[in-house]
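These notes concern the structure reproduced below.
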Amino acid sequence: MTGMEWEARPRRNPEAAFREYEGEAVVVLPSGAEINVLNPVGGLVFRLLDGRHTMREIVDAVCGEFEVPAEEAVQDVQAFLDELRGHRLLV
Amino acid sequence: MDRYPDWAALQGAPGFGTSERFLDVAGMTVRLEGFSRGQADWFDARYGVFAADGRRRPARWEIAVRQADAGGYLQLRGGPEPEMYRLEQEREGTRVRAWSYRFAGWFDVAAGGALGLCDGEGRGFESSLENFLRVVYAHLALEAGGFLFHAAGVVRGGRAFLFFGPSGSGKTTTARLSAGGRVLSDDLILVLPGEGKRFRAVSIPFRGHVAELPDEQASFPIAGFYRLVKDQEVRLEPLERARGVSEVAGSLPFVTDRPENGLRILEAVGGAVAGAPVYRLHFRKDPSFWEAVEQQAREARAPAGPAAG
């Protein structure tokens with residue numbers, strides 16, 4: 001579990017529109033060129049990327065909600081954040 | 001080379017004449033002034049029942065139609081392949097600017113707009129005016145809680161079946177294979193919230209290639225949204241709501257490139273999809289898809305039977 005900045009409070013791009021429907025989330029990229037569906041884990045993480053929740057709290061939420069081991073949750077969250085950065089969805 | 005519009009020059013440019021016309025689509029009435037008599041006559045013939053009497057239905061928005069100071073804006077790129085229609089948009093405050101080959105205009109849902117046309121008559125005038133009006137109504141629809149939808153719409157049994165997908169996916173084909181139905185459009189459909197926030201498909205003056213000009217303005221409950229997939233077999237693949245929203249929202253013209261519209265889009269499309277299912281419709285080039293589509297629609301309407309066990 002190295003490389004994780006546990007006290008960081010990442011924030012999603014406020015220009016990305018986001019809404020959940022029956023447990024799945026839809027995100028409109030700031031450019032509008034893409035509209036993506038997030039799986040339930042992605043939806044939970046995206047919702048918590050509000051600049052208030054720490055990485056530790058986000059990982060804990062994933063562990064608690066989906067009953068996955070902490071190491072797996074860390075890997076999933078890191079991979080998801082990398083993907084969001086690639087789409088300019090993190091500020 | 002493409003030419004960027006001179007917006008200040010457009011502001012002070014002369015009109016083609018002193019005629020005015022009103023376009024009413026589902027109660028969203030726009031007044032256009034600055035037409036020549038010939039342009040106004042064409043407008044009446046083109047828009048028929050949508051060409052409103054401004055005395056009876058006052059306009060909320062005004063658009064000044066002006067002679068453009070340029071010979072053109074975007075240039076055809078040439079080459080052997082046919083070019084996809086290009087339209088550029090940008091935003092200045094609440095104002096949306098749009099320009100294409102032979103027009104440049106701006107529109108603000110709070111303040112109306114202006115349109116500079118390079119051509120005073122013929123195909124250049126007609127297509128430029130209509131393409132600008134499509135942009136205008138895409139934004140007005142979003143403001144009204146609905147959306148302009150890149151889709152073919154066919155009414156059967158009093159309900160609208162909306163077939164959508166990118167250019168070349170088969171919208172015009174499905175419209176042509178819809179004998180016995182009323183084709184609203186094979187290109188653009190207006191979807192607006194009606195009573196009880198139930199969304200309806202609304203007839204519009206922008207018709208595509210297949211639809212006739214309607215003799216009345218009408219709206220219809222939506223039976224379903226069908227994302228077209230060309231295939232050798234016919235089948236319907238139901239989509240979960242989020243996936244359905246994503247697919248439908250991806251077919252909204254002119255408004256998805258503005259971040260501030262994102263939430264409105266998700267709200268409107270989410271509302272529409274809550275009341276009508278979304279499917280991927282695998283179809284081949286014959287009318288057989290209608291059997292599958294109508295059977296599904298009948299089953300969706302039938303009251304649920306007693307639970308087994």
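Chain labels follow the order of the structure tokens: the first chain is A, the next B, and so on; residue numbering restarts at 1 in every chain, and ligands are counted from 1 in their shown order.
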
Chain A residues near chain B within 7 Å, closest pair each, using only C-alpha atoms, as CSV:
residue,atom,partner,partner_atom,distance
A:Glu15,CA,B:Pro259,CA,5.4
A:Ala16,CA,B:Pro259,CA,6.6
A:Ala17,CA,B:Gly262,CA,4.9
A:Phe18,CA,B:Leu263,CA,6.9
A:Arg19,CA,B:Leu266,CA,6.8
A:Tyr21,CA,B:Ala242,CA,5.5
A:Glu24,CA,B:Ala242,CA,5.9
A:Ala25,CA,B:Ala242,CA,6.4
A:Val26,CA,B:Ala242,CA,6.1
A:Val28,CA,B:Gly262,CA,6.0
A:Pro30,CA,B:Pro259,CA,5.0
A:Ser31,CA,B:Asp257,CA,5.4
A:Gly32,CA,B:Asp257,CA,4.3
A:Ala33,CA,B:Asp257,CA,6.4
A:Ile35,CA,B:Ser246,CA,5.8
A:Asn36,CA,B:Ser246,CA,6.5
A:Val37,CA,B:Arg243,CA,6.3

Using C-alpha atoms, can you write the selected residues to a file as a short mmCIF file (atom, residue, chain, number, x, y, z; two decimals), in the first residue's frame?
data_model
loop_
_atom_site.label_atom_id
_atom_site.label_comp_id
_atom_site.auth_asym_id
_atom_site.auth_seq_id
_atom_site.Cartn_x
_atom_site.Cartn_y
_atom_site.Cartn_z
CA GLU A 15 -17.43 20.94 -14.84
CA ALA A 16 -18.14 17.21 -15.07
CA ALA A 17 -21.85 16.57 -14.60
CA PHE A 18 -22.61 13.50 -12.56
CA ARG A 19 -25.77 11.71 -11.61
CA TYR A 21 -29.47 6.13 -11.51
CA GLU A 24 -24.96 3.30 -11.42
CA ALA A 25 -23.54 6.71 -12.20
CA VAL A 26 -23.37 8.61 -15.47
CA VAL A 28 -20.66 13.84 -18.74
CA PRO A 30 -16.32 18.54 -19.34
CA SER A 31 -15.78 18.58 -23.09
CA GLY A 32 -19.14 16.89 -23.57
CA ALA A 33 -17.47 14.64 -26.10
CA ILE A 35 -20.69 10.37 -21.61
CA ASN A 36 -19.58 7.47 -19.46
CA VAL A 37 -21.29 5.02 -17.17
#

Identify, on the basis of only C-alpha atoms, every residue whose closest approach to Arg88 of chain A does not exceed 9 Å; exclude the query and any residue fewer than 5 positions from it along the same chain; express the result as a PDB file with all heavy atoms, in the first residue's frame.
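As a result, out10.pdb now contains:
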ATOM      1  N   ARG A  12     -13.197  16.090  -7.736  1.00  0.00           N
ATOM      2  CA  ARG A  12     -13.548  15.881  -9.143  1.00  0.00           C
ATOM      3  C   ARG A  12     -13.705  17.236  -9.841  1.00  0.00           C
ATOM      4  O   ARG A  12     -13.987  18.243  -9.190  1.00  0.00           O
ATOM      5  CB  ARG A  12     -14.841  15.077  -9.277  1.00  0.00           C
ATOM      6  CG  ARG A  12     -16.042  15.725  -8.650  1.00  0.00           C
ATOM      7  CD  ARG A  12     -17.306  14.890  -8.824  1.00  0.00           C
ATOM      8  NE  ARG A  12     -18.425  15.498  -8.148  1.00  0.00           N
ATOM      9  CZ  ARG A  12     -18.840  15.180  -6.934  1.00  0.00           C
ATOM     10  NH1 ARG A  12     -18.237  14.230  -6.251  1.00  0.00           N
ATOM     11  NH2 ARG A  12     -19.865  15.811  -6.391  1.00  0.00           N
ATOM     12  N   ASN A  13     -13.526  17.216 -11.142  1.00  0.00           N
ATOM     13  CA  ASN A  13     -13.681  18.425 -11.951  1.00  0.00           C
ATOM     14  C   ASN A  13     -15.128  18.925 -11.822  1.00  0.00           C
ATOM     15  O   ASN A  13     -16.073  18.200 -12.170  1.00  0.00           O
ATOM     16  CB  ASN A  13     -13.359  18.098 -13.420  1.00  0.00           C
ATOM     17  CG  ASN A  13     -13.309  19.330 -14.281  1.00  0.00           C
ATOM     18  OD1 ASN A  13     -13.957  20.334 -13.995  1.00  0.00           O
ATOM     19  ND2 ASN A  13     -12.535  19.258 -15.344  1.00  0.00           N
ATOM     20  N   LEU A  29     -18.388  14.178 -19.479  1.00  0.00           N
ATOM     21  CA  LEU A  29     -17.072  14.801 -19.435  1.00  0.00           C
ATOM     22  C   LEU A  29     -17.172  16.299 -19.709  1.00  0.00           C
ATOM     23  O   LEU A  29     -18.075  16.735 -20.428  1.00  0.00           O
ATOM     24  CB  LEU A  29     -16.147  14.159 -20.477  1.00  0.00           C
ATOM     25  CG  LEU A  29     -15.270  13.017 -19.969  1.00  0.00           C
ATOM     26  CD1 LEU A  29     -16.083  11.936 -19.306  1.00  0.00           C
ATOM     27  CD2 LEU A  29     -14.421  12.439 -21.081  1.00  0.00           C
ATOM     28  N   PRO A  30     -16.231  17.084 -19.149  1.00  0.00           N
ATOM     29  CA  PRO A  30     -16.316  18.545 -19.341  1.00  0.00           C
ATOM     30  C   PRO A  30     -16.406  18.948 -20.810  1.00  0.00           C
ATOM     31  O   PRO A  30     -17.092  19.892 -21.161  1.00  0.00           O
ATOM     32  CB  PRO A  30     -15.014  19.055 -18.714  1.00  0.00           C
ATOM     33  CG  PRO A  30     -14.651  18.014 -17.724  1.00  0.00           C
ATOM     34  CD  PRO A  30     -15.109  16.704 -18.289  1.00  0.00           C
ATOM     35  N   GLU A  83      -7.403   6.802 -14.175  1.00  0.00           N
ATOM     36  CA  GLU A  83      -8.269   6.915 -15.349  1.00  0.00           C
ATOM     37  C   GLU A  83      -8.955   8.285 -15.380  1.00  0.00           C
ATOM     38  O   GLU A  83      -9.061   8.922 -16.424  1.00  0.00           O
ATOM     39  CB  GLU A  83      -9.321   5.806 -15.304  1.00  0.00           C
ATOM     40  CG  GLU A  83      -9.925   5.509 -16.652  1.00  0.00           C
ATOM     41  CD  GLU A  83     -10.838   4.284 -16.605  1.00  0.00           C
ATOM     42  OE1 GLU A  83     -10.587   3.377 -15.798  1.00  0.00           O
ATOM     43  OE2 GLU A  83     -11.792   4.267 -17.372  1.00  0.00           O
TER      44      GLU A  83
END

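Neighbours of segment 42-50 of chain B closer than or equal to 6 Å, with only C-alpha atoms counted and sequence neighbours fewer than 2 positions away skipped, come out as Leu23, Asp24, Gln39, Ala40, Ala52 and Pro205 of chain B.
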
Using the selection just defined, write its residues with all heavy atoms as a PDB file, in the first residue's frame.
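And here's result.pdb as it stands now:
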ATOM      1  N   LEU B  23     -41.992  31.659 -35.386  1.00  0.00           N
ATOM      2  CA  LEU B  23     -41.935  30.200 -35.400  1.00  0.00           C
ATOM      3  C   LEU B  23     -42.346  29.713 -34.016  1.00  0.00           C
ATOM      4  O   LEU B  23     -41.766  30.126 -33.005  1.00  0.00           O
ATOM      5  CB  LEU B  23     -40.518  29.708 -35.723  1.00  0.00           C
ATOM      6  CG  LEU B  23     -40.390  28.204 -35.962  1.00  0.00           C
ATOM      7  CD1 LEU B  23     -41.158  27.782 -37.221  1.00  0.00           C
ATOM      8  CD2 LEU B  23     -38.923  27.784 -36.094  1.00  0.00           C
ATOM      9  N   ASP B  24     -43.365  28.865 -34.017  1.00  0.00           N
ATOM     10  CA  ASP B  24     -43.851  28.337 -32.741  1.00  0.00           C
ATOM     11  C   ASP B  24     -43.657  26.822 -32.728  1.00  0.00           C
ATOM     12  O   ASP B  24     -44.202  26.110 -33.574  1.00  0.00           O
ATOM     13  CB  ASP B  24     -45.334  28.673 -32.569  1.00  0.00           C
ATOM     14  CG  ASP B  24     -45.941  27.921 -31.392  1.00  0.00           C
ATOM     15  OD1 ASP B  24     -45.274  27.815 -30.347  1.00  0.00           O
ATOM     16  OD2 ASP B  24     -47.076  27.421 -31.529  1.00  0.00           O
ATOM     17  N   GLN B  39     -38.262  35.852 -48.704  1.00  0.00           N
ATOM     18  CA  GLN B  39     -37.836  34.985 -47.598  1.00  0.00           C
ATOM     19  C   GLN B  39     -39.022  34.651 -46.692  1.00  0.00           C
ATOM     20  O   GLN B  39     -39.172  33.516 -46.227  1.00  0.00           O
ATOM     21  CB  GLN B  39     -36.737  35.684 -46.789  1.00  0.00           C
ATOM     22  CG  GLN B  39     -35.408  35.784 -47.522  1.00  0.00           C
ATOM     23  CD  GLN B  39     -34.430  36.697 -46.798  1.00  0.00           C
ATOM     24  OE1 GLN B  39     -34.830  37.549 -45.989  1.00  0.00           O
ATOM     25  NE2 GLN B  39     -33.153  36.537 -47.104  1.00  0.00           N
ATOM     26  N   ALA B  40     -39.866  35.667 -46.447  1.00  0.00           N
ATOM     27  CA  ALA B  40     -41.031  35.438 -45.581  1.00  0.00           C
ATOM     28  C   ALA B  40     -41.997  34.447 -46.226  1.00  0.00           C
ATOM     29  O   ALA B  40     -42.558  33.576 -45.545  1.00  0.00           O
ATOM     30  CB  ALA B  40     -41.728  36.767 -45.305  1.00  0.00           C
ATOM     31  N   ALA B  52     -46.239  30.780 -36.819  1.00  0.00           N
ATOM     32  CA  ALA B  52     -47.311  31.214 -35.933  1.00  0.00           C
ATOM     33  C   ALA B  52     -47.794  32.619 -36.261  1.00  0.00           C
ATOM     34  O   ALA B  52     -47.087  33.410 -36.876  1.00  0.00           O
ATOM     35  CB  ALA B  52     -46.818  31.181 -34.486  1.00  0.00           C
ATOM     36  N   PRO B 205     -40.735  21.279 -36.821  1.00  0.00           N
ATOM     37  CA  PRO B 205     -40.672  21.612 -38.248  1.00  0.00           C
ATOM     38  C   PRO B 205     -39.399  21.107 -38.941  1.00  0.00           C
ATOM     39  O   PRO B 205     -39.290  21.246 -40.145  1.00  0.00           O
ATOM     40  CB  PRO B 205     -40.710  23.144 -38.254  1.00  0.00           C
ATOM     41  CG  PRO B 205     -40.179  23.541 -36.933  1.00  0.00           C
ATOM     42  CD  PRO B 205     -40.513  22.451 -35.967  1.00  0.00           C
TER      43      PRO B 205
END

- prompt: Can you tell me, as a PyMOL selection string, what residues are no more than 10 Å from Trp99 of chain B when counting only C-alpha atoms, ignoring any on the same chain fewer than 5 positions away?
  reply: chain B and resi 3-5+72-74+86-90+104-106+115-117+128+131-132

Based on the selection just made, write N, CA, C and O atoms of those residues as a short mmCIF file (atom, residue, chain, number, x, y, z; two decimals), in the first residue's frame.
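To be explicit, this is the file written out as selection_1.cif:
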data_model
loop_
_atom_site.label_atom_id
_atom_site.label_comp_id
_atom_site.auth_asym_id
_atom_site.auth_seq_id
_atom_site.Cartn_x
_atom_site.Cartn_y
_atom_site.Cartn_z
N ARG B 3 -13.09 31.19 -41.78
CA ARG B 3 -13.08 32.59 -41.35
C ARG B 3 -13.89 32.74 -40.07
O ARG B 3 -15.05 32.30 -40.00
N TYR B 4 -13.30 33.36 -39.08
CA TYR B 4 -14.00 33.57 -37.81
C TYR B 4 -14.94 34.77 -37.96
O TYR B 4 -14.55 35.81 -38.48
N PRO B 5 -16.19 34.61 -37.50
CA PRO B 5 -17.16 35.71 -37.69
C PRO B 5 -16.77 36.99 -36.95
O PRO B 5 -16.20 36.95 -35.87
N GLY B 72 -18.54 33.91 -46.57
CA GLY B 72 -18.64 32.56 -46.01
C GLY B 72 -17.79 32.46 -44.76
O GLY B 72 -16.96 33.35 -44.50
N TYR B 73 -18.02 31.43 -43.98
CA TYR B 73 -17.26 31.25 -42.73
C TYR B 73 -16.45 29.95 -42.80
O TYR B 73 -15.29 29.97 -43.15
N LEU B 74 -17.07 28.81 -42.51
CA LEU B 74 -16.33 27.56 -42.66
C LEU B 74 -16.23 27.23 -44.15
O LEU B 74 -17.12 27.56 -44.94
N ARG B 86 -20.36 20.53 -40.84
CA ARG B 86 -19.60 21.12 -39.72
C ARG B 86 -20.32 22.35 -39.19
O ARG B 86 -20.84 23.17 -39.97
N LEU B 87 -20.32 22.47 -37.88
CA LEU B 87 -20.87 23.66 -37.22
C LEU B 87 -20.01 23.92 -36.00
O LEU B 87 -19.73 23.01 -35.22
N GLU B 88 -19.55 25.13 -35.87
CA GLU B 88 -18.71 25.49 -34.71
C GLU B 88 -19.58 26.22 -33.69
O GLU B 88 -20.52 26.94 -34.06
N GLN B 89 -19.23 26.02 -32.44
CA GLN B 89 -19.95 26.74 -31.37
C GLN B 89 -18.96 27.24 -30.34
O GLN B 89 -17.94 26.60 -30.09
N GLU B 90 -19.26 28.36 -29.75
CA GLU B 90 -18.51 28.83 -28.60
C GLU B 90 -19.48 29.59 -27.70
O GLU B 90 -20.63 29.85 -28.08
N ALA B 104 -23.56 32.87 -39.55
CA ALA B 104 -23.00 33.04 -38.21
C ALA B 104 -24.06 33.71 -37.37
O ALA B 104 -24.68 34.69 -37.80
N GLY B 105 -24.30 33.18 -36.18
CA GLY B 105 -25.33 33.77 -35.35
C GLY B 105 -25.07 33.52 -33.89
O GLY B 105 -24.20 32.74 -33.53
N TRP B 106 -25.79 34.23 -33.09
CA TRP B 106 -25.70 33.99 -31.65
C TRP B 106 -27.09 33.97 -31.06
O TRP B 106 -28.05 34.51 -31.64
N LEU B 115 -28.78 36.65 -36.44
CA LEU B 115 -28.30 35.68 -37.42
C LEU B 115 -27.83 36.41 -38.67
O LEU B 115 -28.61 37.15 -39.27
N GLY B 116 -26.58 36.22 -39.04
CA GLY B 116 -26.06 36.77 -40.28
C GLY B 116 -26.04 35.69 -41.34
O GLY B 116 -25.44 34.63 -41.14
N LEU B 117 -26.70 35.97 -42.48
CA LEU B 117 -26.77 34.99 -43.57
C LEU B 117 -25.99 35.49 -44.77
O LEU B 117 -26.14 36.65 -45.18
N SER B 128 -29.14 27.40 -44.16
CA SER B 128 -28.50 28.17 -43.09
C SER B 128 -29.51 28.59 -42.03
O SER B 128 -29.26 28.46 -40.83
N ASN B 131 -30.62 25.44 -40.08
CA ASN B 131 -29.59 24.89 -39.18
C ASN B 131 -29.39 25.78 -37.96
O ASN B 131 -29.16 25.29 -36.85
N PHE B 132 -29.49 27.09 -38.15
CA PHE B 132 -29.38 27.97 -36.98
C PHE B 132 -30.58 27.78 -36.05
O PHE B 132 -30.44 27.74 -34.83
#

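Atom pair atom CA of Gly12 of chain B / atom CA of Val65 of chain B has a distance of 11.0 Å (rounded to one decimal).
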
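Atom to atom, atom CA of Thr174 of chain B and atom CA of Pro80 of chain B stand 28.1 Å apart.
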
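Put simply, atom CA of Val62 of chain A is 21.3 Å away from atom CA of Val91 of chain A.
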
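Excluding segment 146-159 of chain B and any residue on its chain fewer than 5 positions from it, the residues at most 6 Å away by only C-alpha atoms are Ala138, Ala141, Phe164, Lys171, Gly181, Arg182, Val183, Leu184, Ser185, Asp186, Asp187, Leu188, Ile189, Leu190, Val191, Leu192, Phe220, Pro221, Ile222, Ala223, Ser251, Leu252 and Ala268 of chain B.
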
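Candidate residues B:Arg66, B:Arg298, B:Arg57, B:Arg200 were compared for distance to Leu32 of chain B, and the nearest is B:Arg66, using only C-alpha atoms.
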
message: Using DSSP assignments from the backbone, pull out every residue in chain A that falls under alpha helix (DSSP H) and give it to me as a PyMOL selection string.
response: chain A and resi 40-48+55-66+70-86

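Distance check against Val41 of chain A using only C-alpha atoms: of A:Trp6, A:Val59, A:Arg85, A:Arg11, the minimum falls on A:Val59.
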
message: Give me the residues near Glu65 of chain A as number ranges by chain, where near means some atom within 12 Å (using only C-alpha atoms) and where sequence neighbours in that chain fewer than 5 positions away do not count.
response: A: 40-45, 57-60, 70, 73
